$ cat query-v5.cif   # mmCIF, C-alpha atoms
data_target
loop_
_atom_site.label_atom_id
_atom_site.label_comp_id
_atom_site.auth_asym_id
_atom_site.auth_seq_id
_atom_site.Cartn_x
_atom_site.Cartn_y
_atom_site.Cartn_z
CA MET A 1 0.00 0.00 0.00
CA LEU A 2 2.83 2.33 0.94
CA LYS A 3 4.65 1.51 -2.27
CA ALA A 4 1.53 2.31 -4.26
CA LYS A 5 1.19 5.65 -2.51
CA ILE A 6 4.83 6.55 -3.17
CA PHE A 7 4.44 5.47 -6.78
CA CYS A 8 1.33 7.64 -7.16
CA ALA A 9 3.04 10.61 -5.54
CA ILE A 10 6.09 10.35 -7.81
CA SER A 11 3.88 9.84 -10.86
CA ALA A 12 1.83 12.90 -9.96
CA VAL A 13 4.96 15.03 -9.62
CA LEU A 14 6.29 13.78 -12.95
CA LEU A 15 2.96 14.32 -14.68
CA VAL A 16 2.65 17.95 -13.64
CA SER A 17 6.32 18.75 -14.15
CA ALA A 18 5.65 19.80 -17.75
CA CYS A 19 3.14 22.37 -16.50
CA GLY A 20 5.93 24.64 -15.30
CA GLU A 21 6.77 25.91 -18.75
CA LYS A 22 9.03 28.90 -18.87
CA PRO A 23 8.30 31.81 -21.23
CA GLN A 24 10.10 31.29 -24.53
CA THR A 25 9.52 34.68 -26.09
CA VAL A 26 12.08 37.47 -26.16
CA SER A 27 10.78 40.77 -24.86
CA VAL A 28 11.39 43.19 -27.71
CA LYS A 29 10.94 46.91 -27.27
CA PRO A 30 10.86 48.75 -30.60
CA GLY A 31 13.83 51.04 -31.13
CA GLN A 32 15.78 49.59 -28.23
CA SER A 33 18.55 47.08 -28.70
CA ALA A 34 18.36 43.95 -26.61
CA ALA A 35 22.10 43.34 -26.99
CA LYS A 36 24.37 43.19 -23.97
CA PRO A 37 26.09 46.49 -23.13
CA ASP A 38 29.43 46.79 -24.92
CA ASP A 39 32.64 48.29 -23.58
CA LYS A 40 33.86 51.51 -25.15
CA PRO A 41 36.92 50.84 -27.32
CA TYR A 42 39.05 53.12 -25.12
CA GLN A 43 38.10 51.43 -21.86
CA ASN A 44 41.06 49.08 -21.70
CA ASP A 45 44.61 48.86 -20.40
CA GLN A 46 46.05 50.59 -23.44
CA PHE A 47 43.98 53.79 -23.36
CA LYS A 48 42.76 53.67 -19.75
CA GLY A 49 39.46 55.37 -20.59
CA ASN A 50 41.14 58.29 -22.34
CA LYS A 51 38.82 58.92 -25.28
CA VAL A 52 40.82 61.87 -26.61
CA GLU A 53 43.99 59.81 -26.79
CA TRP A 54 42.15 56.99 -28.55
CA GLU A 55 40.66 59.37 -31.12
CA LYS A 56 44.06 60.95 -31.71
CA THR A 57 45.63 57.53 -32.30
CA LEU A 58 42.92 56.52 -34.76
CA ARG A 59 43.09 59.84 -36.59
CA ALA A 60 46.84 59.49 -37.03
CA ARG A 61 46.32 55.97 -38.25
CA ALA A 62 43.66 57.11 -40.74
CA ASP A 63 45.90 59.94 -41.96
CA ASN A 64 48.57 57.35 -42.74
CA GLN A 65 46.30 56.07 -45.51
CA ASN A 66 47.04 59.26 -47.43
CA GLU A 67 50.20 58.47 -49.36
CA TYR A 68 50.52 62.12 -50.46
CA LYS A 69 51.41 62.98 -46.89
CA ARG A 70 54.26 60.52 -46.79
CA VAL A 71 57.83 61.27 -47.74
CA ASN A 72 58.33 59.88 -51.23
CA MET B 1 34.67 61.78 -33.52
CA ALA B 2 32.43 61.55 -36.53
CA ARG B 3 31.32 58.22 -37.86
CA MET B 4 33.46 55.30 -38.92
CA LYS B 5 33.10 54.59 -42.62
CA PHE B 6 34.56 52.56 -45.46
CA ILE B 7 35.02 53.90 -48.96
CA CYS B 8 36.37 52.02 -51.95
CA ASP B 9 37.99 53.92 -54.79
CA ALA B 10 37.18 51.92 -57.94
CA GLU B 11 39.81 53.90 -59.86
CA ARG B 12 42.42 52.13 -57.75
CA CYS B 13 41.02 48.69 -56.89
CA ILE B 14 42.94 46.02 -58.81
CA GLU B 15 40.84 43.04 -57.64
CA CYS B 16 43.75 41.49 -55.75
CA ASN B 17 41.46 40.26 -52.96
CA GLY B 18 44.05 41.29 -50.39
CA CYS B 19 41.27 42.80 -48.26
CA VAL B 20 39.29 39.55 -48.33
CA THR B 21 42.34 37.54 -47.30
CA ALA B 22 43.31 40.01 -44.58
CA CYS B 23 39.82 39.82 -43.08
CA LYS B 24 39.66 36.02 -43.21
CA ASN B 25 43.06 35.76 -41.57
CA GLU B 26 42.52 38.44 -38.93
CA HIS B 27 39.26 37.00 -37.61
CA ASP B 28 39.61 33.29 -38.41
CA VAL B 29 36.40 33.52 -40.41
CA PRO B 30 35.01 30.02 -41.04
CA TRP B 31 34.89 28.40 -44.45
CA GLY B 32 31.90 29.56 -46.46
CA VAL B 33 31.65 32.95 -44.75
CA ASN B 34 33.05 36.04 -46.41
CA ARG B 35 32.70 39.19 -44.39
CA ARG B 36 34.25 41.09 -47.29
CA ARG B 37 34.34 40.34 -51.01
CA VAL B 38 35.44 42.01 -54.22
CA VAL B 39 32.81 42.56 -56.89
CA THR B 40 33.85 43.19 -60.50
CA LEU B 41 31.57 44.65 -63.12
CA ASN B 42 32.14 44.68 -66.88
CA ASP B 43 34.72 41.96 -66.41
CA GLY B 44 37.09 41.77 -69.38
CA ILE B 45 35.77 44.84 -71.16
CA VAL B 46 38.75 47.10 -71.73
CA GLY B 47 38.26 50.50 -70.16
CA ALA B 48 34.96 49.61 -68.52
CA GLU B 49 36.04 47.02 -65.96
CA ARG B 50 35.73 48.19 -62.39
CA SER B 51 36.18 46.36 -59.10
CA ILE B 52 34.92 47.37 -55.72
CA SER B 53 35.43 45.85 -52.30
CA VAL B 54 32.16 45.36 -50.44
CA ALA B 55 31.34 44.50 -46.83
CA CYS B 56 28.96 45.86 -44.21
CA MET B 57 28.69 49.60 -44.85
CA HIS B 58 27.71 50.31 -41.23
CA CYS B 59 24.66 52.23 -42.41
CA SER B 60 23.51 55.22 -40.40
CA ASP B 61 19.93 53.92 -40.62
CA ALA B 62 20.67 50.23 -40.88
CA PRO B 63 17.89 48.13 -42.45
CA CYS B 64 19.24 44.97 -40.79
CA LYS B 65 18.71 46.61 -37.44
CA ALA B 66 15.18 47.63 -38.40
CA VAL B 67 14.02 44.13 -39.38
CA CYS B 68 15.71 42.07 -36.65
CA PRO B 69 12.90 40.32 -34.70
CA VAL B 70 15.03 39.99 -31.55
CA ASN B 71 16.65 43.46 -31.71
CA CYS B 72 20.15 42.05 -31.45
CA PHE B 73 21.77 44.92 -33.40
CA TYR B 74 23.20 48.06 -31.88
CA THR B 75 25.18 51.03 -33.16
CA THR B 76 28.25 52.16 -31.24
CA ASP B 77 29.04 55.80 -30.50
CA ASP B 78 31.38 55.72 -33.50
CA GLY B 79 28.67 54.57 -35.91
CA VAL B 80 29.72 50.93 -36.14
CA VAL B 81 26.79 48.52 -36.50
CA LEU B 82 27.33 45.39 -34.39
CA HIS B 83 25.17 42.54 -33.18
CA ASP B 84 24.88 40.19 -30.22
CA LYS B 85 25.37 36.59 -31.31
CA ASP B 86 23.92 35.32 -28.04
CA LEU B 87 20.57 36.75 -29.10
CA CYS B 88 20.69 36.08 -32.85
CA ILE B 89 18.31 33.31 -33.89
CA GLY B 90 19.70 32.99 -37.43
CA CYS B 91 16.35 33.83 -39.08
CA GLY B 92 18.01 35.52 -42.06
CA TYR B 93 15.75 38.61 -42.17
CA CYS B 94 18.82 40.86 -42.04
CA PHE B 95 20.24 39.12 -45.10
CA TYR B 96 17.15 40.00 -47.14
CA ALA B 97 17.06 43.55 -45.81
CA CYS B 98 20.72 44.37 -46.47
CA PRO B 99 21.33 45.95 -49.91
CA PHE B 100 25.00 44.89 -49.80
CA GLY B 101 24.59 41.21 -48.89
CA ALA B 102 26.72 41.75 -45.80
CA PRO B 103 25.12 39.30 -43.34
CA GLN B 104 26.58 35.82 -43.73
CA PHE B 105 25.37 32.56 -42.26
CA PRO B 106 27.69 29.68 -41.49
CA GLN B 107 26.40 26.19 -42.07
CA ALA B 108 25.89 25.04 -38.49
CA GLY B 109 25.07 21.39 -39.04
CA ALA B 110 23.63 18.80 -41.37
CA PHE B 111 20.91 19.53 -43.93
CA GLY B 112 22.08 23.12 -44.51
CA LEU B 113 21.09 24.22 -41.01
CA ARG B 114 21.80 27.92 -40.67
CA GLY B 115 23.96 29.23 -37.85
CA LYS B 116 24.05 32.63 -36.23
CA MET B 117 24.65 35.61 -38.45
CA ASP B 118 28.21 36.78 -39.00
CA LYS B 119 29.24 40.04 -40.61
CA CYS B 120 31.95 42.68 -40.79
CA THR B 121 32.44 44.29 -37.39
CA PHE B 122 34.70 47.13 -38.61
CA CYS B 123 37.25 45.18 -36.54
CA ALA B 124 35.39 46.37 -33.44
CA GLY B 125 34.47 43.00 -31.93
CA GLY B 126 31.11 42.69 -30.22
CA PRO B 127 29.36 42.94 -26.86
CA GLU B 128 31.99 41.05 -24.89
CA LYS B 129 34.99 42.32 -22.94
CA ASP B 130 37.50 43.62 -25.47
CA ASN B 131 39.89 41.07 -26.97
CA THR B 132 38.92 38.30 -24.58
CA LYS B 133 38.67 34.71 -25.77
CA GLY B 134 34.88 35.05 -25.87
CA GLU B 135 34.98 38.10 -28.10
CA ILE B 136 37.61 36.74 -30.45
CA GLU B 137 35.80 33.41 -30.87
CA LYS B 138 32.43 35.01 -31.57
CA TYR B 139 33.30 38.20 -33.39
CA GLY B 140 37.01 38.20 -34.19
CA ARG B 141 39.74 40.55 -33.14
CA ASN B 142 38.97 44.01 -31.79
CA ARG B 143 41.49 46.25 -33.57
CA LEU B 144 39.67 49.49 -32.79
CA ALA B 145 40.30 48.86 -29.09
CA GLU B 146 44.00 48.56 -29.95
CA GLY B 147 43.96 51.94 -31.73
CA LYS B 148 44.13 50.33 -35.16
CA LEU B 149 41.90 50.52 -38.21
CA PRO B 150 40.22 47.54 -39.94
CA ALA B 151 42.74 45.03 -41.30
CA CYS B 152 41.22 45.07 -44.82
CA ALA B 153 41.89 48.77 -45.33
CA GLU B 154 45.30 48.76 -43.68
CA MET B 155 46.31 45.80 -45.86
CA CYS B 156 45.08 47.35 -49.15
CA SER B 157 48.14 47.65 -51.36
CA THR B 158 46.80 50.42 -53.61
CA LYS B 159 44.90 52.18 -50.81
CA ALA B 160 41.71 51.81 -52.82
CA LEU B 161 39.91 50.76 -49.66
CA LEU B 162 39.97 53.40 -46.96
CA ALA B 163 38.57 53.11 -43.45
CA GLY B 164 38.23 55.46 -40.55
CA ASP B 165 36.55 58.64 -39.47
CA GLY B 166 34.34 59.87 -42.33
CA ASP B 167 35.84 63.38 -42.18
CA VAL B 168 39.39 62.10 -42.58
CA LEU B 169 38.37 59.84 -45.46
CA SER B 170 36.69 62.78 -47.20
CA ASP B 171 39.89 64.81 -46.91
CA ILE B 172 42.01 61.97 -48.32
CA TYR B 173 39.62 61.31 -51.18
CA ARG B 174 39.27 65.00 -52.01
CA GLU B 175 43.03 65.44 -52.26
CA ARG B 176 43.28 62.32 -54.40
CA VAL B 177 40.63 63.57 -56.83
CA MET B 178 42.26 67.00 -57.03
CA ARG B 179 45.61 65.46 -57.92
CA ARG B 180 44.37 63.03 -60.54
CA GLY B 181 41.78 65.45 -61.86
CA ARG B 182 38.95 62.96 -62.26
CA GLY B 183 36.78 60.43 -60.46
CA GLY B 184 35.10 62.82 -58.06
CA ASP B 185 32.05 60.62 -57.69
CA LEU B 186 32.56 57.38 -55.86
CA TRP B 187 32.01 54.85 -58.61
CA GLY B 188 29.04 52.59 -58.07
CA HIS B 189 26.92 55.13 -56.22
CA ALA B 190 24.80 55.84 -59.31
CA THR B 191 24.51 52.12 -60.06
CA ALA B 192 23.47 51.32 -56.52
CA TYR B 193 21.05 54.16 -56.00
CA GLY B 194 19.78 54.76 -59.52
CA VAL B 195 20.74 58.41 -59.76
CA LYS B 196 22.64 60.08 -62.55
CA ALA B 197 26.29 60.82 -62.01
CA ALA B 198 27.15 64.49 -61.49
CA THR B 199 27.45 66.31 -64.79
CA SER B 200 30.78 67.76 -63.70
CA GLN B 201 32.28 64.32 -64.15
CA GLN B 202 31.27 64.10 -67.77
CA PRO B 203 33.46 65.69 -70.41
CA ALA B 204 32.26 69.15 -71.33
CA PRO B 205 30.62 69.28 -74.77
CA THR B 206 32.74 71.03 -77.38
CA GLN B 207 31.48 74.39 -78.48
CA GLN B 208 30.65 74.69 -82.14
CA LYS B 209 31.70 78.02 -83.58
CA SER B 210 29.44 79.29 -86.25
#
$ encode --input "query-v5.cif" --output "structure tokens"
Amino acid sequence: MLKAKIFCAISAVLLVSACGEKPQTVSVKPGQSAAKPDDKPYQNDQFKGNKVEWEKTLRARADNQNEYKRVN
Amino acid sequence: MARMKFICDAERCIECNGCVTACKNEHDVPWGVNRRRVVTLNDGIVGAERSISVACMHCSDAPCKAVCPVNCFYTTDDGVVLHDKDLCIGCGYCFYACPFGAPQFPQAGAFGLRGKMDKCTFCAGGPEKDNTKGEIEKYGRNRLAEGKLPACAEMCSTKALLAGDGDVLSDIYRERVMRRGRGGDLWGHATAYGVKAATSQQPAPTQQKS
């Protein structure tokens, strides 16, 4: 009798386990990105949060693409 | 800082595919995915053949971003359009929306199963800590965080492909056009957007004296 009760109890738990379904939809708000927040490219050991220095470095790098500014 | 942009000068592109190779190598892009490719029109026609290097153009009003059902795209402060691969469901809407064919989908399994979208990141990685294993595996190397420009442009042997702040690129291109005296319009713009090229680029009609 006890075995039957335990069996019924376990069966009942297993039967209703599928009822706890989690939501599978992504909450989307129009115009707002759901992506994880990204670090700024100057927030690292090299630039230490110095945006001006980072911009200066990139500008110099971009200027290097102009071969007319090089010594030929 | 203005906005990060690419421009490709078709007067200079020699279809060497150095940009494509540089990108593949820099980011360990899987087989079958090309974040950048070179398109050639009028192939073999003397005087009319033009090549142009194409990747994500990091649109100011990106259509991929507009159609994404899970809103996984975001634009950085520098105008680079990136996406979160942890959210991407690989639906392919962005591929149909993009006029440049930039979004790529790796084959993720048997029966042509489509994986998460992969595209040019302007060498700016993605929403992971910069240049960590997680970022490099998902998005490739983050050169912007190292103070460098995209590998494709820096590798370009003829400097046809330029990358960087839009203002700087304009200055470089303007000086180039002034020196060579032609090619003021970026070639392909009229083809892509269906507008007539500026009349200043066409040879002036000769005056008939009567």
$ interface_residues --input "query-v5.cif" --of "chain B" --to "chain A" --cutoff "10 Å" --atoms "all atoms listed in the file" --output "short mmCIF file (atom, residue, chain, number, x, y, z; two decimals) with C-alpha atoms, keeping the file's coordinate frame"
data_model
loop_
_atom_site.label_atom_id
_atom_site.label_comp_id
_atom_site.auth_asym_id
_atom_site.auth_seq_id
_atom_site.Cartn_x
_atom_site.Cartn_y
_atom_site.Cartn_z
CA MET B 1 34.67 61.78 -33.52
CA LYS B 65 18.71 46.61 -37.44
CA ALA B 66 15.18 47.63 -38.40
CA CYS B 68 15.71 42.07 -36.65
CA PRO B 69 12.90 40.32 -34.70
CA VAL B 70 15.03 39.99 -31.55
CA ASN B 71 16.65 43.46 -31.71
CA CYS B 72 20.15 42.05 -31.45
CA PHE B 73 21.77 44.92 -33.40
CA TYR B 74 23.20 48.06 -31.88
CA THR B 75 25.18 51.03 -33.16
CA THR B 76 28.25 52.16 -31.24
CA ASP B 77 29.04 55.80 -30.50
CA ASP B 78 31.38 55.72 -33.50
CA LEU B 82 27.33 45.39 -34.39
CA HIS B 83 25.17 42.54 -33.18
CA ASP B 84 24.88 40.19 -30.22
CA LYS B 85 25.37 36.59 -31.31
CA ASP B 86 23.92 35.32 -28.04
CA LEU B 87 20.57 36.75 -29.10
CA CYS B 88 20.69 36.08 -32.85
CA ALA B 124 35.39 46.37 -33.44
CA GLY B 125 34.47 43.00 -31.93
CA GLY B 126 31.11 42.69 -30.22
CA PRO B 127 29.36 42.94 -26.86
CA GLU B 128 31.99 41.05 -24.89
CA LYS B 129 34.99 42.32 -22.94
CA ASP B 130 37.50 43.62 -25.47
CA ASN B 131 39.89 41.07 -26.97
CA ASN B 142 38.97 44.01 -31.79
CA ARG B 143 41.49 46.25 -33.57
CA LEU B 144 39.67 49.49 -32.79
CA ALA B 145 40.30 48.86 -29.09
CA GLU B 146 44.00 48.56 -29.95
CA GLY B 147 43.96 51.94 -31.73
CA LYS B 148 44.13 50.33 -35.16
CA LEU B 149 41.90 50.52 -38.21
CA ALA B 153 41.89 48.77 -45.33
CA GLU B 154 45.30 48.76 -43.68
CA CYS B 156 45.08 47.35 -49.15
CA THR B 158 46.80 50.42 -53.61
CA LYS B 159 44.90 52.18 -50.81
CA ALA B 160 41.71 51.81 -52.82
CA LEU B 161 39.91 50.76 -49.66
CA LEU B 162 39.97 53.40 -46.96
CA ALA B 163 38.57 53.11 -43.45
CA GLY B 164 38.23 55.46 -40.55
CA ASP B 165 36.55 58.64 -39.47
CA GLY B 166 34.34 59.87 -42.33
CA ASP B 167 35.84 63.38 -42.18
CA VAL B 168 39.39 62.10 -42.58
CA LEU B 169 38.37 59.84 -45.46
CA ASP B 171 39.89 64.81 -46.91
CA ILE B 172 42.01 61.97 -48.32
CA TYR B 173 39.62 61.31 -51.18
CA GLU B 175 43.03 65.44 -52.26
CA ARG B 176 43.28 62.32 -54.40
CA ARG B 179 45.61 65.46 -57.92
#
$ atom_distance --input "query-v5.cif" --atom1 "CA of Arg180 (chain B)" --atom2 "CA of Val46 (chain B)"
20.3 Å
$ atom_distance --input "query-v5.cif" --atom1 "CA of Ile14 (chain B)" --atom2 "CA of Arg182 (chain B)"
17.7 Å
$ residues_around --input "query-v5.cif" --residues "Cys94 (chain B)" --least-positions-apart "3" --cutoff "9 Å" --atoms "all atoms listed in the file" --output "VMD selection string"
chain B and resid 63 to 68 91 97 to 98 101 to 103 117
$ write_last_selection --input "query-v5.cif" --atoms "C-alpha atoms" --output "PDB file, in the coordinates of the input"
ATOM      1  CA  PRO B  63      17.890  48.130 -42.450  1.00  0.00           C
ATOM      2  CA  CYS B  64      19.240  44.970 -40.790  1.00  0.00           C
ATOM      3  CA  LYS B  65      18.710  46.610 -37.440  1.00  0.00           C
ATOM      4  CA  ALA B  66      15.180  47.630 -38.400  1.00  0.00           C
ATOM      5  CA  VAL B  67      14.020  44.130 -39.380  1.00  0.00           C
ATOM      6  CA  CYS B  68      15.710  42.070 -36.650  1.00  0.00           C
ATOM      7  CA  CYS B  91      16.350  33.830 -39.080  1.00  0.00           C
ATOM      8  CA  ALA B  97      17.060  43.550 -45.810  1.00  0.00           C
ATOM      9  CA  CYS B  98      20.720  44.370 -46.470  1.00  0.00           C
ATOM     10  CA  GLY B 101      24.590  41.210 -48.890  1.00  0.00           C
ATOM     11  CA  ALA B 102      26.720  41.750 -45.800  1.00  0.00           C
ATOM     12  CA  PRO B 103      25.120  39.300 -43.340  1.00  0.00           C
ATOM     13  CA  MET B 117      24.650  35.610 -38.450  1.00  0.00           C
TER      14      MET B 117
END
$ atom_distance --input "query-v5.cif" --atom1 "CA of Cys16 (chain B)" --atom2 "CA of Glu49 (chain B)"
13.9 Å
$ resolve_selection --input "query-v5.cif" --expression "the PyMOL selection byres ((chain B and resi 105) around 10)" --output "list in words"
Gly32, Val33, Asn34, Gly90, Cys91, Gly92, Phe95, Ala102, Pro103, Gln104, Pro106, Gln107, Ala108, Leu113, Arg114, Gly115, Lys116, Met117, Asp118 and Lys119 of chain B
$ write_last_selection --input "query-v5.cif" --atoms "C-alpha atoms" --output "compact mmCIF listing (two decimals), in the coordinates of the input"
# COMPACT_ATOMS: atom_id res chain seq x y z
CA GLY B 32 31.90 29.56 -46.46
CA VAL B 33 31.65 32.95 -44.75
CA ASN B 34 33.05 36.04 -46.41
CA GLY B 90 19.70 32.99 -37.43
CA CYS B 91 16.35 33.83 -39.08
CA GLY B 92 18.01 35.52 -42.06
CA PHE B 95 20.24 39.12 -45.10
CA ALA B 102 26.72 41.75 -45.80
CA PRO B 103 25.12 39.30 -43.34
CA GLN B 104 26.58 35.82 -43.73
CA PRO B 106 27.69 29.68 -41.49
CA GLN B 107 26.40 26.19 -42.07
CA ALA B 108 25.89 25.04 -38.49
CA LEU B 113 21.09 24.22 -41.01
CA ARG B 114 21.80 27.92 -40.67
CA GLY B 115 23.96 29.23 -37.85
CA LYS B 116 24.05 32.63 -36.23
CA MET B 117 24.65 35.61 -38.45
CA ASP B 118 28.21 36.78 -39.00
CA LYS B 119 29.24 40.04 -40.61
$ closest_residue --input "query-v5.cif" --among "B:Met4, B:Ala62, B:Cys123, B:Ile136" --to "Pro150 (chain B)" --atoms "only C-alpha atoms"
B:Cys123
$ closest_residue --input "query-v5.cif" --among "B:Lys138, B:Val80, B:Asn25, B:Ala10" --to "Val54 (chain B)" --atoms "all atoms listed in the file"
B:Ala10
